[in-house]
file final_10.txt (compact mmCIF, N, CA and C atoms)
# COMPACT_ATOMS: atom_id res chain seq x y z
N MET P 1 1.96 105.12 -164.48
CA MET P 1 1.48 106.23 -165.28
C MET P 1 1.61 105.86 -166.76
N GLN P 2 0.55 106.10 -167.51
CA GLN P 2 0.54 105.81 -168.94
C GLN P 2 1.13 106.98 -169.72
N ASP P 3 1.59 106.69 -170.95
CA ASP P 3 2.10 107.73 -171.83
C ASP P 3 0.93 108.47 -172.47
N TYR P 4 1.15 109.76 -172.73
CA TYR P 4 0.16 110.59 -173.39
C TYR P 4 0.06 110.15 -174.85
N ASP P 5 -1.17 110.04 -175.35
CA ASP P 5 -1.41 109.62 -176.73
C ASP P 5 -2.28 110.69 -177.40
N ASP P 6 -1.67 111.42 -178.35
CA ASP P 6 -2.41 112.49 -179.05
C ASP P 6 -3.71 111.98 -179.65
N ASN P 7 -3.68 110.80 -180.23
CA ASN P 7 -4.87 110.26 -180.88
C ASN P 7 -6.02 110.05 -179.89
N LYS P 8 -5.69 109.59 -178.68
CA LYS P 8 -6.73 109.42 -177.66
C LYS P 8 -7.25 110.76 -177.18
N ALA P 9 -6.37 111.75 -177.08
CA ALA P 9 -6.80 113.09 -176.68
C ALA P 9 -7.73 113.68 -177.74
N ILE P 10 -7.36 113.53 -179.01
CA ILE P 10 -8.19 114.03 -180.11
C ILE P 10 -9.55 113.33 -180.12
N LYS P 11 -9.55 112.04 -179.87
CA LYS P 11 -10.81 111.28 -179.83
C LYS P 11 -11.71 111.82 -178.71
N ALA P 12 -11.13 112.08 -177.54
CA ALA P 12 -11.90 112.61 -176.41
C ALA P 12 -12.44 114.01 -176.73
N MET P 13 -11.61 114.83 -177.33
CA MET P 13 -12.01 116.19 -177.68
C MET P 13 -13.09 116.19 -178.76
N SER P 14 -12.95 115.32 -179.71
CA SER P 14 -13.92 115.21 -180.80
C SER P 14 -15.28 114.76 -180.30
N ALA P 15 -15.26 113.88 -179.31
CA ALA P 15 -16.51 113.31 -178.79
C ALA P 15 -17.44 114.35 -178.18
N VAL P 16 -16.91 115.49 -177.74
CA VAL P 16 -17.75 116.50 -177.10
C VAL P 16 -18.34 117.50 -178.10
N LEU P 17 -17.99 117.35 -179.36
CA LEU P 17 -18.48 118.25 -180.41
C LEU P 17 -19.62 117.60 -181.19
N ASP P 18 -20.49 118.43 -181.74
CA ASP P 18 -21.49 117.93 -182.66
C ASP P 18 -20.77 117.30 -183.84
N GLU P 19 -21.36 116.28 -184.40
CA GLU P 19 -20.72 115.56 -185.49
C GLU P 19 -20.32 116.47 -186.65
N SER P 20 -21.15 117.46 -186.94
CA SER P 20 -20.86 118.38 -188.06
C SER P 20 -19.67 119.30 -187.78
N ARG P 21 -19.25 119.37 -186.50
CA ARG P 21 -18.15 120.26 -186.11
C ARG P 21 -16.84 119.50 -185.89
N ARG P 22 -16.84 118.21 -186.17
CA ARG P 22 -15.66 117.38 -185.94
C ARG P 22 -14.75 117.43 -187.16
N ASN P 23 -13.64 118.11 -187.00
CA ASN P 23 -12.63 118.20 -188.04
C ASN P 23 -11.29 117.94 -187.37
N GLU P 24 -10.68 116.81 -187.70
CA GLU P 24 -9.47 116.38 -187.00
C GLU P 24 -8.37 117.43 -187.04
N ASP P 25 -8.15 118.06 -188.19
CA ASP P 25 -7.09 119.06 -188.29
C ASP P 25 -7.36 120.25 -187.38
N ALA P 26 -8.60 120.71 -187.35
CA ALA P 26 -8.96 121.84 -186.49
C ALA P 26 -8.84 121.47 -185.02
N ILE P 27 -9.20 120.25 -184.66
CA ILE P 27 -9.09 119.80 -183.27
C ILE P 27 -7.62 119.66 -182.89
N TYR P 28 -6.80 119.16 -183.80
CA TYR P 28 -5.35 119.09 -183.54
C TYR P 28 -4.79 120.48 -183.29
N GLU P 29 -5.29 121.47 -184.02
CA GLU P 29 -4.84 122.85 -183.81
C GLU P 29 -5.16 123.29 -182.38
N VAL P 30 -6.34 122.97 -181.90
CA VAL P 30 -6.71 123.31 -180.53
C VAL P 30 -5.80 122.58 -179.55
N LEU P 31 -5.53 121.31 -179.80
CA LEU P 31 -4.63 120.55 -178.93
C LEU P 31 -3.23 121.19 -178.90
N ASP P 32 -2.74 121.59 -180.06
CA ASP P 32 -1.44 122.27 -180.12
C ASP P 32 -1.47 123.56 -179.30
N LEU P 33 -2.58 124.28 -179.36
CA LEU P 33 -2.70 125.53 -178.61
C LEU P 33 -2.78 125.28 -177.11
N ILE P 34 -3.37 124.16 -176.71
CA ILE P 34 -3.37 123.79 -175.29
C ILE P 34 -1.93 123.64 -174.81
N PHE P 35 -1.11 122.95 -175.59
CA PHE P 35 0.29 122.76 -175.20
C PHE P 35 1.09 124.06 -175.30
N ASP P 36 0.76 124.91 -176.27
CA ASP P 36 1.39 126.23 -176.34
C ASP P 36 1.07 127.03 -175.07
N TYR P 37 -0.17 126.96 -174.63
CA TYR P 37 -0.58 127.64 -173.40
C TYR P 37 0.23 127.12 -172.21
N TYR P 38 0.31 125.79 -172.10
CA TYR P 38 1.10 125.20 -171.01
C TYR P 38 2.53 125.72 -171.04
N GLU P 39 3.13 125.72 -172.21
CA GLU P 39 4.52 126.14 -172.35
C GLU P 39 4.70 127.61 -171.96
N GLU P 40 3.82 128.47 -172.45
CA GLU P 40 3.92 129.90 -172.16
C GLU P 40 3.66 130.23 -170.70
N ASN P 41 2.94 129.37 -170.01
CA ASN P 41 2.60 129.63 -168.62
C ASN P 41 3.39 128.77 -167.63
N GLY P 42 4.45 128.14 -168.11
CA GLY P 42 5.32 127.37 -167.24
C GLY P 42 4.73 126.09 -166.71
N GLU P 43 3.67 125.60 -167.34
CA GLU P 43 3.02 124.38 -166.85
C GLU P 43 3.87 123.13 -167.08
N PHE P 44 4.86 123.22 -167.95
CA PHE P 44 5.73 122.07 -168.18
C PHE P 44 6.89 122.04 -167.20
N ASP P 45 7.04 123.12 -166.41
CA ASP P 45 8.10 123.17 -165.41
C ASP P 45 7.63 122.37 -164.20
N ILE P 46 8.25 121.25 -163.97
CA ILE P 46 7.84 120.37 -162.87
C ILE P 46 8.64 120.74 -161.63
N ASP P 47 7.92 121.04 -160.56
CA ASP P 47 8.54 121.41 -159.30
C ASP P 47 7.85 120.59 -158.21
N PHE P 48 8.49 119.52 -157.79
CA PHE P 48 7.90 118.66 -156.77
C PHE P 48 8.35 119.14 -155.40
N SER P 49 7.61 120.10 -154.86
CA SER P 49 7.91 120.56 -153.51
C SER P 49 6.96 119.87 -152.54
N GLU P 50 7.26 120.00 -151.28
CA GLU P 50 6.44 119.33 -150.28
C GLU P 50 5.04 119.92 -150.19
N GLU P 51 4.85 121.16 -150.66
CA GLU P 51 3.52 121.77 -150.60
C GLU P 51 2.61 121.28 -151.71
N ASP P 52 3.17 120.61 -152.72
CA ASP P 52 2.35 120.16 -153.84
C ASP P 52 1.30 119.16 -153.37
N ASP P 53 0.13 119.31 -153.96
CA ASP P 53 -1.00 118.45 -153.62
C ASP P 53 -1.32 117.61 -154.84
N PHE P 54 -1.15 116.32 -154.74
CA PHE P 54 -1.34 115.44 -155.88
C PHE P 54 -2.59 114.57 -155.73
N ASP P 55 -3.61 115.10 -155.07
CA ASP P 55 -4.81 114.29 -154.88
C ASP P 55 -5.76 114.36 -156.07
N GLY P 56 -5.42 115.16 -157.09
CA GLY P 56 -6.24 115.21 -158.29
C GLY P 56 -7.42 116.16 -158.21
N ASP P 57 -7.61 116.81 -157.06
CA ASP P 57 -8.75 117.72 -156.92
C ASP P 57 -8.54 119.04 -157.66
N ASP P 58 -7.30 119.44 -157.84
CA ASP P 58 -7.03 120.72 -158.49
C ASP P 58 -5.92 120.52 -159.49
N ASN P 59 -6.27 120.62 -160.78
CA ASN P 59 -5.25 120.41 -161.80
C ASN P 59 -4.41 121.65 -162.01
N GLY P 60 -4.73 122.76 -161.32
CA GLY P 60 -3.92 123.95 -161.38
C GLY P 60 -4.01 124.73 -162.68
N VAL P 61 -4.91 124.36 -163.56
CA VAL P 61 -5.04 125.02 -164.85
C VAL P 61 -6.21 125.99 -164.81
N ASP P 62 -5.97 127.22 -165.23
CA ASP P 62 -7.03 128.21 -165.33
C ASP P 62 -7.71 128.00 -166.68
N THR P 63 -8.77 127.21 -166.69
CA THR P 63 -9.40 126.85 -167.96
C THR P 63 -9.99 128.06 -168.67
N ALA P 64 -10.51 129.02 -167.93
CA ALA P 64 -11.07 130.22 -168.56
C ALA P 64 -9.97 130.99 -169.29
N ASP P 65 -8.81 131.11 -168.65
CA ASP P 65 -7.68 131.80 -169.28
C ASP P 65 -7.19 131.03 -170.51
N MET P 66 -7.17 129.70 -170.39
CA MET P 66 -6.74 128.87 -171.52
C MET P 66 -7.70 129.03 -172.70
N VAL P 67 -8.99 129.00 -172.41
CA VAL P 67 -10.00 129.15 -173.47
C VAL P 67 -9.85 130.51 -174.14
N ASP P 68 -9.65 131.56 -173.34
CA ASP P 68 -9.44 132.90 -173.92
C ASP P 68 -8.20 132.93 -174.80
N TYR P 69 -7.13 132.32 -174.34
CA TYR P 69 -5.88 132.26 -175.10
C TYR P 69 -6.11 131.58 -176.45
N ILE P 70 -6.80 130.45 -176.44
CA ILE P 70 -7.06 129.69 -177.67
C ILE P 70 -7.99 130.47 -178.59
N ALA P 71 -9.06 131.02 -178.04
CA ALA P 71 -10.03 131.78 -178.85
C ALA P 71 -9.36 132.99 -179.51
N LYS P 72 -8.52 133.69 -178.75
CA LYS P 72 -7.83 134.86 -179.29
C LYS P 72 -6.91 134.46 -180.44
N TYR P 73 -6.19 133.36 -180.26
CA TYR P 73 -5.29 132.89 -181.33
C TYR P 73 -6.09 132.51 -182.57
N LEU P 74 -7.17 131.75 -182.37
CA LEU P 74 -7.96 131.29 -183.51
C LEU P 74 -8.69 132.42 -184.22
N LYS P 75 -8.96 133.50 -183.51
CA LYS P 75 -9.58 134.65 -184.15
C LYS P 75 -8.61 135.30 -185.15
N LYS P 76 -7.34 135.31 -184.78
CA LYS P 76 -6.31 135.90 -185.65
C LYS P 76 -5.83 134.92 -186.71
N HIS P 77 -5.86 133.63 -186.40
CA HIS P 77 -5.38 132.57 -187.28
C HIS P 77 -6.43 131.46 -187.36
N PRO P 78 -7.51 131.69 -188.09
CA PRO P 78 -8.63 130.73 -188.09
C PRO P 78 -8.23 129.32 -188.53
N ALA P 79 -8.77 128.35 -187.82
CA ALA P 79 -8.61 126.95 -188.20
C ALA P 79 -9.66 126.65 -189.27
N GLU P 80 -9.72 125.41 -189.71
CA GLU P 80 -10.70 125.03 -190.72
C GLU P 80 -12.13 125.23 -190.23
N ILE P 81 -12.31 125.13 -188.92
CA ILE P 81 -13.61 125.39 -188.30
C ILE P 81 -13.41 126.46 -187.25
N LEU P 82 -14.25 127.47 -187.28
CA LEU P 82 -14.17 128.52 -186.26
C LEU P 82 -15.01 128.08 -185.06
N PHE P 83 -14.32 127.55 -184.06
CA PHE P 83 -15.00 127.04 -182.88
C PHE P 83 -15.48 128.19 -182.00
N THR P 84 -16.62 127.98 -181.36
CA THR P 84 -17.12 128.93 -180.38
C THR P 84 -16.33 128.75 -179.08
N LYS P 85 -16.43 129.74 -178.19
CA LYS P 85 -15.75 129.60 -176.89
C LYS P 85 -16.31 128.41 -176.12
N ASP P 86 -17.61 128.16 -176.26
CA ASP P 86 -18.22 127.02 -175.57
C ASP P 86 -17.63 125.70 -176.09
N GLU P 87 -17.45 125.60 -177.40
CA GLU P 87 -16.84 124.40 -177.97
C GLU P 87 -15.39 124.25 -177.53
N ILE P 88 -14.68 125.36 -177.49
CA ILE P 88 -13.28 125.31 -177.03
C ILE P 88 -13.23 124.85 -175.58
N LEU P 89 -14.12 125.39 -174.75
CA LEU P 89 -14.17 124.98 -173.34
C LEU P 89 -14.43 123.48 -173.23
N LYS P 90 -15.39 122.98 -173.98
CA LYS P 90 -15.69 121.54 -173.93
C LYS P 90 -14.48 120.71 -174.34
N MET P 91 -13.75 121.16 -175.38
CA MET P 91 -12.57 120.41 -175.82
C MET P 91 -11.46 120.48 -174.78
N VAL P 92 -11.26 121.64 -174.17
CA VAL P 92 -10.24 121.78 -173.12
C VAL P 92 -10.59 120.87 -171.95
N GLU P 93 -11.84 120.88 -171.52
CA GLU P 93 -12.26 120.02 -170.41
C GLU P 93 -12.08 118.55 -170.76
N ALA P 94 -12.37 118.17 -172.00
CA ALA P 94 -12.19 116.77 -172.42
C ALA P 94 -10.72 116.39 -172.42
N GLU P 95 -9.86 117.31 -172.87
CA GLU P 95 -8.42 117.03 -172.88
C GLU P 95 -7.90 116.91 -171.46
N LEU P 96 -8.34 117.79 -170.57
CA LEU P 96 -7.91 117.71 -169.18
C LEU P 96 -8.39 116.42 -168.52
N ALA P 97 -9.61 116.01 -168.84
CA ALA P 97 -10.14 114.75 -168.31
C ALA P 97 -9.30 113.57 -168.82
N TYR P 98 -8.91 113.64 -170.09
CA TYR P 98 -8.04 112.59 -170.63
C TYR P 98 -6.72 112.56 -169.87
N GLU P 99 -6.14 113.74 -169.62
CA GLU P 99 -4.87 113.79 -168.87
C GLU P 99 -5.02 113.11 -167.51
N GLU P 100 -6.15 113.35 -166.85
CA GLU P 100 -6.38 112.76 -165.53
C GLU P 100 -6.40 111.23 -165.57
N THR P 101 -6.79 110.66 -166.70
CA THR P 101 -6.82 109.19 -166.79
C THR P 101 -5.42 108.60 -166.84
N LEU P 102 -4.43 109.42 -167.10
CA LEU P 102 -3.06 108.93 -167.22
C LEU P 102 -2.34 108.83 -165.90
N ILE P 103 -2.90 109.46 -164.88
CA ILE P 103 -2.24 109.49 -163.56
C ILE P 103 -2.49 108.22 -162.80
call {"tool": "encode", "arguments": {"input": "final_10.txt", "output": "structure tokens"}}
result
Amino acid sequence: MQDYDDNKAIKAMSAVLDESRRNEDAIYEVLDLIFDYYEENGEFDIDFSEEDDFDGDDNGVDTADMVDYIAKYLKKHPAEILFTKDEILKMVEAELAYEETLI
């Protein structure tokens, strides 16, 4: 298993945005919010029980809920770029895809 690299995650997230919407600080803010979501929802609590399925088919993340969480936060605390929900979804999916490459 490889170590997580923020720079590679940011690169993956940036790649799904139009060039005019690529702002590293704003994308880092979204990445921070992804991890805040994980923390608030217990996603960092590792529980290796026998029922766990590690075949990679289900990452267990409710992406719609995560996107709503990020959009709601950014509405109250705008980043340098006000991302649309569609852009946030694309960045979340890119970050999750990057995570999958580490397994």
call {"tool": "residues_around", "arguments": {"input": "final_10.txt", "residues": "range 21-27 of chain P", "least_positions_apart": "6", "cutoff": "7 Å", "atoms": "all atoms listed in the file", "output": "list in words"}}
result
Ile10, Ser14, Ala79, Glu80 and Ile81 of chain P
call {"tool": "atom_distance", "arguments": {"input": "final_10.txt", "atom1": "atom N of Val16 in chain P", "atom2": "atom C of Leu82 in chain P"}}
result
14.7 Å
call {"tool": "atom_distance", "arguments": {"input": "final_10.txt", "atom1": "atom C of Glu95 in chain P", "atom2": "CA of Lys76 in chain P"}}
result
23.8 Å
call {"tool": "select_by_dssp", "arguments": {"input": "final_10.txt", "residues": "chain P", "states": "alpha helix (DSSP H)", "output": "ChimeraX atom specification"}}
result
/P:6-15,24-40,63-76,85-101
call {"tool": "atom_distance", "arguments": {"input": "final_10.txt", "atom1": "atom N of Glu43 in chain P", "atom2": "CA of Met66 in chain P"}}
result
11.7 Å
call {"tool": "axis_aligned_box", "arguments": {"input": "final_10.txt", "around": "range 78-93 of chain P", "padding_each_side": "4 Å", "output": "lines of an AutoDock Vina configuration file"}}
result
center_x = -12.9
center_y = 125.1
center_z = -180.6
size_x = 18.7
size_y = 21.1
size_z = 28.3
call {"tool": "residues_around", "arguments": {"input": "final_10.txt", "residues": "Leu33 in chain P", "least_positions_apart": "4", "cutoff": "8 Å", "atoms": "all atoms listed in the file", "output": "list in words"}}
result
Ile27, Tyr28, Glu29, Tyr37, Tyr38, Glu39, Met66, Tyr69 and Ile70 of chain P
call {"tool": "residues_around", "arguments": {"input": "final_10.txt", "residues": "Ala97 in chain P", "least_positions_apart": "4", "cutoff": "10 Å", "atoms": "only C-alpha atoms", "output": "ChimeraX atom specification"}}
result
/P:9,12-13,59,91-93,101-102
